[in-house]
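Structure first, commentary second.
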Amino acid sequence: MAYTKRLDKRKMDELRPIKAEVGVIPNADGSALFAFGKTVAIAAVYGPKPLHPQHLQESDRTKIRCEYNMLPFSVTERARPGPSRRSKEISEITANALASVVDLKRFPGTVIDVHIIILQANASTRCAGINAASMALAHAGVVMKEMVSSVSIGKIDDKIVTDITKEEEDYNEGEGATDIPITLTSNSQEIVHLQLDGKIPTDRFKEVLKAGKEACEKILDYQIRALKGEKIDETKPLKKV
Amino acid sequence: MKTEEQENNRKERKLVVPGEVIIEGDYLPGDFTRNESGKIIANRYGLAETTGKVVKIIPVSGVFEPRRGNTVIGRIEDITFNGWIIDIDGPYSAFLSLNECPRFIDRNELPNFAAVGDVLSLKIAGVKKGGIDLTLKSRGLGTLEGGRIIKVNPHKVPRVIGKEGSMINLIKDGTNTEITVGQNGYIWIKGSMDDEKRAEQAINLIVEESNHAGLTERIEEFLKNGGKE
């Protein structure tokens with residue numbers, strides 16, 4: 001059967017219920033929480049601060065150091081704690097995406113540390129992490145020209161869908177599943193991160209970008225509202241047993 | 001949160017997010033803003049304020065940004081052959097040279113004047129690329145002994161001090177303590193145990209309620225009631 005209806009009954013371009021909030025970690029210079037449904041990420045930003053050892057310093061710019069970490073209980077099968085091949089890659093792409101909007105020339109030779117923690121995972125964790133990190137950076141008063149927003153677009157069977165879940169990621173009927181996380185800047189709409197896991201014909205890629213742009217606009221609105229002091233929680237409370 | 005009325009009494013300020021268009025038209029970009037084809041856009045999270053034609057952003061969060069002439073409180077991090085390296089919780093660590101001390105100190109006696117871990121109040125003599133220079137050559141600077149140190153958001157320091165020191169003097173008189181406020185957010189309080197505690201609570205109250213009107217009255221009340229609201 002073709003993929004006509006999404007597994008969680010959402011529309012093809014609909015996001016999961018969003019949760020967004022800033023200031024969740026009082027001791028950090030800036031912090032934020034961002035969740036797509038059951039995918040929950042928190043981010044903390046420290047700095048700009050002195051960077052040691054000295055040989056890591058970049059004399060003409062601020063370095064952005066990012067650490068993405070999935071907690072052992074965030075997935076169904078316990079994740080081994082500590083950095084993995086996957087988490088190192090995600091840390092690196094997140095740092096690159098964020099560095100493209102931050103004013104790096106302001107405090108040369110310093111470092112901004114960004115810590116992203118995944119509390120609960122149900123696909124699109126890197127996107128939730130980038131969204132939280134972007135909010136945390138702004139919240140920390142870091143000088144940056146604009147925000148970044150991230151979303152994962154999927155091709156499930158032959159349908160282009162927004163914000164895919166783990167169940168959709170594992171869909172293997174018809175043409176199967178393709179996952180394309182995209183990160184866009186808020187004003188200039190530049191793509192600062194794009195990955196592709198699966199297969200997609202080139203002529204359908206435009207549809208993916210269009211869906212990504214639309215979704216990122218919606219996400220940006222949540223990010224801005226949260227930064228202005230709103231506590232956003234669209235997730236339904238758990239039923240009492 | 002702020003009420004409508006209080007908001008209107010002040011100069012118009014609104015919270016903005018990086019990349020947000022603050023205002024369109026014939027305006028000039030001030031601190032932390034930029035002009036992109038007639039639109040003034042925010043470069044930072046903070047309160048946007050328009051004075052005449054100039055639009056600027058007043059930061060509300062973030063690390064301390066050192067400027068020449070700031071009084072700061074720092075902790076000795078390390079001792080070198082001709083001075084001290086001091087942590088002032090800014091983007092760079094700061095250096096206090098032996099030449100910047102008000103009296104003669106022998107090169108071999110640096111730790112006797114200030115050892116690692118000691119706390120001093122200092123003045124920023126200059127900020128250069130990749131470093132901050134400090135001085136002790138001004139009134140009221142030197143090692144701080146006894147008392148306690150608290151840390152507040154450096155952007156709230158003007159609120160703690162008040163107009164020409166009105167707020168901090170109120171707390172000093174009200175609690176019978178000695179207080180030194182560093183622009184970097186460190187505040188040193190010395191008095192009896194109970195007085196210190198009350199002063200600390202009063203300062204934390206200011207920081208928490210910094211954007212409410214009638215703060216001075218509330219602090220007066222707080223101090224009069226002996227540390228109860």
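Residues are named by chain letter and number: chains run A, B, ... in the order of the structure tokens, numbers start at 1 in each chain, and ligands are numbered from 1 in the order shown.
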ask   = Would you list which chain A residues are within 9 Å of chain B using only C-alpha atoms, as a ChimeraX atom specification?
value = /A:29-30,46-51,59,103,107-111,138-147,186-187,224,227-228
Output of the above residues as a compact mmCIF listing (two decimals), in the first residue's frame, restricted to N, CA and C atoms:
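What follows is the written file out-v4.txt:
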# COMPACT_ATOMS: atom_id res chain seq x y z
N ASP A 29 25.38 30.70 30.53
CA ASP A 29 25.19 32.08 30.06
C ASP A 29 23.91 32.19 29.25
N GLY A 30 23.55 31.12 28.57
CA GLY A 30 22.29 31.07 27.83
C GLY A 30 21.88 29.62 27.68
N TYR A 46 28.10 28.61 26.93
CA TYR A 46 29.02 29.27 27.85
C TYR A 46 30.02 30.09 27.04
N GLY A 47 30.18 31.36 27.42
CA GLY A 47 31.21 32.14 26.74
C GLY A 47 30.65 33.32 25.99
N PRO A 48 31.51 34.06 25.26
CA PRO A 48 32.92 33.82 24.96
C PRO A 48 33.79 33.85 26.21
N LYS A 49 34.74 32.92 26.29
CA LYS A 49 35.63 32.81 27.45
C LYS A 49 37.02 32.42 26.96
N PRO A 50 38.04 32.57 27.83
CA PRO A 50 39.39 32.25 27.39
C PRO A 50 39.50 30.78 26.97
N LEU A 51 40.32 30.52 25.96
CA LEU A 51 40.47 29.14 25.45
C LEU A 51 41.84 28.59 25.82
N SER A 59 43.73 32.96 16.36
CA SER A 59 44.11 34.31 16.76
C SER A 59 43.22 35.39 16.17
N ASP A 103 28.98 36.39 15.04
CA ASP A 103 30.05 37.35 14.78
C ASP A 103 31.32 36.84 15.45
N PHE A 107 35.59 38.79 19.68
CA PHE A 107 36.55 38.45 20.73
C PHE A 107 37.50 37.39 20.20
N PRO A 108 38.50 37.78 19.39
CA PRO A 108 39.39 36.77 18.82
C PRO A 108 40.15 36.00 19.91
N GLY A 109 40.42 34.74 19.63
CA GLY A 109 41.19 33.93 20.58
C GLY A 109 40.37 33.35 21.71
N THR A 110 39.06 33.56 21.68
CA THR A 110 38.21 33.01 22.74
C THR A 110 37.42 31.81 22.21
N VAL A 111 36.61 31.24 23.08
CA VAL A 111 35.79 30.10 22.66
C VAL A 111 34.37 30.27 23.17
N ALA A 138 21.41 32.94 21.17
CA ALA A 138 20.76 34.26 21.23
C ALA A 138 20.53 34.64 22.68
N HIS A 139 20.06 33.68 23.46
CA HIS A 139 19.75 33.93 24.87
C HIS A 139 21.02 34.32 25.65
N ALA A 140 22.17 33.80 25.22
CA ALA A 140 23.43 34.11 25.90
C ALA A 140 23.99 35.47 25.50
N GLY A 141 23.25 36.21 24.66
CA GLY A 141 23.71 37.53 24.27
C GLY A 141 24.88 37.51 23.30
N VAL A 142 25.07 36.39 22.61
CA VAL A 142 26.14 36.31 21.61
C VAL A 142 25.72 37.17 20.41
N VAL A 143 26.66 37.94 19.88
CA VAL A 143 26.34 38.79 18.73
C VAL A 143 26.28 37.92 17.48
N MET A 144 25.11 37.88 16.87
CA MET A 144 24.90 37.05 15.69
C MET A 144 23.96 37.77 14.74
N LYS A 145 24.17 37.57 13.42
CA LYS A 145 23.38 38.38 12.49
C LYS A 145 21.96 37.87 12.34
N GLU A 146 21.73 36.61 12.58
CA GLU A 146 20.38 36.06 12.47
C GLU A 146 20.31 34.73 13.20
N MET A 147 19.13 34.14 13.20
CA MET A 147 18.93 32.84 13.85
C MET A 147 19.10 31.72 12.81
N SER A 186 17.64 32.58 9.21
CA SER A 186 16.31 33.16 9.28
C SER A 186 16.07 34.28 8.28
N ASN A 187 17.05 35.14 8.02
CA ASN A 187 16.82 36.28 7.12
C ASN A 187 17.23 35.97 5.69
N ILE A 224 11.36 32.51 18.20
CA ILE A 224 11.27 33.93 18.57
C ILE A 224 10.32 34.10 19.74
N LEU A 227 11.97 33.05 22.92
CA LEU A 227 12.99 34.00 23.36
C LEU A 227 12.35 35.24 23.97
N LYS A 228 11.14 35.56 23.54
CA LYS A 228 10.47 36.73 24.10
C LYS A 228 9.73 36.42 25.39
message = Please list as a VMD selection string every residue within 10 Å of Trp188 of chain B, counting only C-alpha atoms and excluding residues in the same chain fewer than 4 positions away.
response = chain B and resid 73 119 to 121 144 to 151 178 to 182 196 200
Where does segment 105-145 of chain A meet segment 166-185 of chain A within 7 Å, residue by residue, with the nearest atom pair and distance in Å to one decimal for each, counting only C-alpha atoms, listed by chain and rising number, as a Markdown table?
| residue | atom | partner | partner_atom | distance |
| --- | --- | --- | --- | --- |
| A:Asn122 | CA | A:Lys166 | CA | 5.2 |
| A:Ala123 | CA | A:Lys166 | CA | 4.8 |
| A:Cys127 | CA | A:Pro181 | CA | 6.8 |
message = Report as an MDAnalysis selection string all protein, DNA and RNA residues lying within 8 Å of Pro81 of chain A, evaluated on only C-alpha atoms, omitting residues in the same chain fewer than 3 positions from it.
response = chainID A and resid 70:72
query = What is the atom CA of Ala2 of chain A to atom CA of Lys155 of chain A distance in Å?
reply = 12.3 Å
task = Kindly give the distance, in Å, that separates atom CA of Asn69 of chain A and atom CA of Ala136 of chain A, rounded to a single decimal.
result =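 Distance reported for this atom pair: 16.0 Å.
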